[in-house]
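Enquirer: Structure provided below as structure tokens; questions to follow.
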Amino acid sequence: VDIVEGQKTGYFFDQRENRASIAPLMKGWGWRSGIKLEERSPDEASDDTGALAELQESTRVPVNANGKAVTFPYWDGATVLECFAHTGSFTLHACQYGAKKVTCLDVSSHAIETARRNTARNGFEDRVEFVVADAFEYLRSQVKGLDERAERGRAGLAAGGKMPDTSKPMGNAGRTWDVVILDPPAFAKSKSAVPGAIRGYKDINLHGMKLVNEGGYLVTASCSYHMRPDLFLETVQSAAVDAGKQLRLIEWRAAGKDHPQILGVSEGHYLKFAIFEVRSR
């Protein structure tokens with residue numbers, strides 16, 4: 001962490017247990033690529049006397065749709081987008097728990113350079129791509145790309161199967177991920193800022209959930225004290241309605257045990273953390 005130029009300590013301890021809670025989301029995605037486990041036994045072998053070697057137990061091997069064994073160790077891992085990544089703490093946990101590919105995004109180039117160094121220190125650099133961009137703009141551009149791809153597909157069907165005009169390049173827009181993580185800074189530091197915060201949270205969650213693959217997960221948080229838990233959930237639900245998505249709450253968490261909530265002191269309930277399964281309506 002950069003204790004001189006970095007933001008706060010460079011590591012937000014109150015999210016420590018929440019980062020660990022994403023572990024179950026990181027594996028179980030190989031089927032999307034047509035990969036499945038098959039029982040395979042080693043070939044029979046003979047020693048110099050001609051006797052058959054003792055057969056070893058069969059093992060389960062990942063195999064692609066063509067029947068070829070898959071050697072990439074993270075074949076069953078999730079694709080993950082972490083927005084507002086800061087020094088990459090969720091990215092590091094995703095890789096540690098088996099993610100296949102992680103997109104680590106923050107508007108600060110300084111933060112991304114720190115995340116890049118942390119990723120290299122942990123030996124995860126081959127599975128992480130880094131993006132310096134405004135999260136709001138990035139999410140909107142990816143959703144716009146999805147809409148353009150869908151429009152091209154509809155145009156092709158309307159033309160009787162003929163390919164629509166593809167002279168305009170699509171670029172990198174229109175990507176989706178198995179898990180999208182949104183851990184923004186506080187949007188409301190006063191009561192008067194709450195209406196603007198609601199719009200901000202709705203914006204990122206609406207676009208974020210549109211980028212989640214069917215049956216994937218939206219991991220979303222709010223550290224704004226004035227954004228009450230019920231209001232945060234209402235805002236996310238409103239975003240789901242507008243996005244045409246149905247959300248199933250998998251986890252609802254707060255700050256870790258080293259940030260205890262004292263009864264009668266509502267300020268201790270500042271952190272909201274939720275994991276939703278995302279499906280189309």
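Each chain in the structure tokens gets a letter, A, B and so on, in the order shown; residues start at 1 in every chain, and ligands are counted from 1 in the order they appear.
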Please identify every residue of segment 100-206 of chain A that has at least one atom no farther than 12 Å from an atom of segment 57-75 of chain A, counting only C-alpha atoms, and for each give the shortest atom pair and the distance in Å to one decimal, arranged by chain then increasing number, as a Markdown table.
Expert:
| residue | atom | partner | partner_atom | distance |
| --- | --- | --- | --- | --- |
| A:Lys100 | CA | A:Tyr74 | CA | 5.2 |
| A:Lys101 | CA | A:Tyr74 | CA | 8.7 |
| A:Val102 | CA | A:Tyr74 | CA | 11.8 |
| A:Phe124 | CA | A:Tyr74 | CA | 11.5 |
| A:Asp126 | CA | A:Tyr74 | CA | 11.2 |
| A:Arg127 | CA | A:Tyr74 | CA | 9.3 |
Enquirer: Just write the chosen residues, N, CA, C and O atoms, as a PDB file, in the first residue's frame.
Expert:
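This went into again38.pdb:
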ATOM      1  N   LYS A 100     -11.098 -17.217 -13.721  1.00  0.00           N
ATOM      2  CA  LYS A 100     -10.402 -17.459 -14.987  1.00  0.00           C
ATOM      3  C   LYS A 100      -9.785 -16.183 -15.541  1.00  0.00           C
ATOM      4  O   LYS A 100      -8.652 -16.166 -16.018  1.00  0.00           O
ATOM      5  N   LYS A 101     -10.546 -15.082 -15.485  1.00  0.00           N
ATOM      6  CA  LYS A 101     -10.082 -13.796 -16.007  1.00  0.00           C
ATOM      7  C   LYS A 101     -10.767 -12.673 -15.251  1.00  0.00           C
ATOM      8  O   LYS A 101     -11.971 -12.718 -15.028  1.00  0.00           O
ATOM      9  N   VAL A 102      -9.993 -11.663 -14.849  1.00  0.00           N
ATOM     10  CA  VAL A 102     -10.542 -10.545 -14.096  1.00  0.00           C
ATOM     11  C   VAL A 102     -10.208  -9.236 -14.796  1.00  0.00           C
ATOM     12  O   VAL A 102      -9.060  -9.014 -15.199  1.00  0.00           O
ATOM     13  N   PHE A 124      -0.556 -13.364 -10.184  1.00  0.00           N
ATOM     14  CA  PHE A 124      -1.834 -13.453 -10.890  1.00  0.00           C
ATOM     15  C   PHE A 124      -1.855 -12.652 -12.196  1.00  0.00           C
ATOM     16  O   PHE A 124      -2.919 -12.515 -12.815  1.00  0.00           O
ATOM     17  N   ASP A 126      -1.133 -13.037 -15.212  1.00  0.00           N
ATOM     18  CA  ASP A 126      -1.591 -13.651 -16.462  1.00  0.00           C
ATOM     19  C   ASP A 126      -3.112 -13.753 -16.547  1.00  0.00           C
ATOM     20  O   ASP A 126      -3.661 -14.045 -17.602  1.00  0.00           O
ATOM     21  N   ARG A 127      -3.816 -13.474 -15.432  1.00  0.00           N
ATOM     22  CA  ARG A 127      -5.282 -13.587 -15.436  1.00  0.00           C
ATOM     23  C   ARG A 127      -5.992 -12.259 -15.223  1.00  0.00           C
ATOM     24  O   ARG A 127      -7.217 -12.232 -15.101  1.00  0.00           O
TER      25      ARG A 127
END
Enquirer: Tell me, as a ChimeraX atom specification, which residues lie within 6 Å of Val219 of chain A, counting only C-alpha atoms; anything in the same chain fewer than 4 positions away does not count.
Expert: /A:181,274-275
Enquirer: The selected residues should be written to file as a PDB file, in the first residue's frame (atoms: C-alpha atoms).
Expert:
ATOM      1  CA  ILE A 181     -18.405  -6.335  -8.513  1.00  0.00           C
ATOM      2  CA  ALA A 274     -25.059  -7.792  -1.153  1.00  0.00           C
ATOM      3  CA  ILE A 275     -24.617 -10.661  -3.583  1.00  0.00           C
TER       4      ILE A 275
END
Enquirer: Which residues are close to Lys257 of chain A, i.e. within 12 Å by only C-alpha atoms, leaving aside same-chain residues fewer than 6 positions away? Reply as JSON, numbers by chain.
Expert: {"A": [13, 14, 15, 16, 17, 18, 268]}
Enquirer: Mind checking DSSP for segment 120-249 of chain A and telling me the helix (DSSP H, G or I) residues as a ChimeraX atom specification?
Expert: /A:120-121,125-127,135-158,191-210,229-243
Enquirer: Which neighbours of Lys202 of chain A fall inside 7 Å, counting only C-alpha atoms, when residues of the same chain fewer than 5 positions from it are skipped, and could you give them as a list in words?
Expert: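 So the residues in contact are Thr235, Val236 and Ala239 of chain A.
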Enquirer: Out of A:Gly174, A:Gly208, A:Gly123, A:Pro185, which residue has the shortest atom-to-atom distance to Leu81 of chain A when counting only C-alpha atoms?
Expert: A:Gly208
Enquirer: Quick one: residues within 12 Å of Ser192 of chain A, only C-alpha atoms counted, chain neighbours fewer than 5 positions away excluded, as a ChimeraX atom specification?
Expert: /A:187,197-198,226-227
Enquirer: For atom CA of Tyr270 of chain A and atom CA of Asp2 of chain A, quote the distance in Å rounded to one decimal.
Expert: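 Taking atom CA of Tyr270 of chain A and atom CA of Asp2 of chain A, their separation equals 25.2 Å.
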Enquirer: If you count only C-alpha atoms, which residues fall within 7 Å of segment 107-120 of chain A, apart from same-chain ones fewer than 6 positions away, as a VMD selection string?
Expert: chain A and resid 86 to 88 92 130 132 to 135
Enquirer: Which is closer to Gly145 of chain A than all the others in A:Leu25, A:Leu211, A:Val131, A:Ala78, using only C-alpha atoms?
Expert: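 Of all the options, A:Leu211 lies closest to Gly145 of chain A.
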Enquirer: Given only C-alpha atoms as the basis, pick out the residue of A:Lys210, A:Arg149, A:His259, A:Arg19 nearest to Val278 of chain A.
Expert: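 Nearest candidate to Val278 of chain A out of A:Lys210, A:Arg149, A:His259, A:Arg19: A:Lys210.
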Enquirer: Could you find all residues in segment 115-274 of chain A that DSSP calls strand (DSSP E or B) from the backbone, and write them as number ranges by chain?
Expert: A: 128-132, 177-182, 212-222, 245-253, 272-274
Enquirer: Near Ser222 of chain A, counting only C-alpha atoms, which residues have an atom at most 8 Å away, once you skip same-chain residues fewer than 5 positions from it, shown as a ChimeraX atom specification?
Expert: /A:183-186,227,232,270-273
Enquirer: Store the residues picked out above, limited to N, CA and C atoms, as a short mmCIF file (atom, residue, chain, number, x, y, z; two decimals), in the first residue's frame.
Expert:
data_model
loop_
_atom_site.label_atom_id
_atom_site.label_comp_id
_atom_site.auth_asym_id
_atom_site.auth_seq_id
_atom_site.Cartn_x
_atom_site.Cartn_y
_atom_site.Cartn_z
N ASP A 183 -17.97 -1.72 -5.92
CA ASP A 183 -17.63 -1.28 -4.56
C ASP A 183 -17.22 0.19 -4.61
N PRO A 184 -18.19 1.08 -4.86
CA PRO A 184 -17.86 2.50 -5.05
C PRO A 184 -17.57 3.23 -3.76
N PRO A 185 -16.96 4.40 -3.84
CA PRO A 185 -16.80 5.25 -2.66
C PRO A 185 -18.15 5.79 -2.23
N ALA A 186 -18.20 6.46 -1.10
CA ALA A 186 -19.46 7.00 -0.60
C ALA A 186 -20.02 8.04 -1.57
N MET A 227 -27.31 6.39 3.18
CA MET A 227 -28.04 5.48 2.31
C MET A 227 -28.44 4.28 3.17
N PHE A 232 -31.15 1.37 0.12
CA PHE A 232 -30.20 0.79 -0.83
C PHE A 232 -30.84 -0.39 -1.57
N TYR A 270 -23.17 1.64 8.51
CA TYR A 270 -22.90 2.38 7.27
C TYR A 270 -22.67 1.48 6.07
N LEU A 271 -22.07 0.29 6.26
CA LEU A 271 -21.68 -0.54 5.11
C LEU A 271 -22.76 -1.57 4.79
N LYS A 272 -23.19 -1.55 3.53
CA LYS A 272 -24.13 -2.55 3.03
C LYS A 272 -23.43 -3.34 1.93
N PHE A 273 -23.57 -4.66 1.95
CA PHE A 273 -22.89 -5.51 0.98
C PHE A 273 -23.84 -6.64 0.59
#
Enquirer: Rounded to one decimal, what separation in Å do you get between atom CA of Val180 of chain A and atom CA of Leu146 of chain A?
Expert: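 We find that atom CA of Val180 of chain A and atom CA of Leu146 of chain A lie 15.5 Å from each other.
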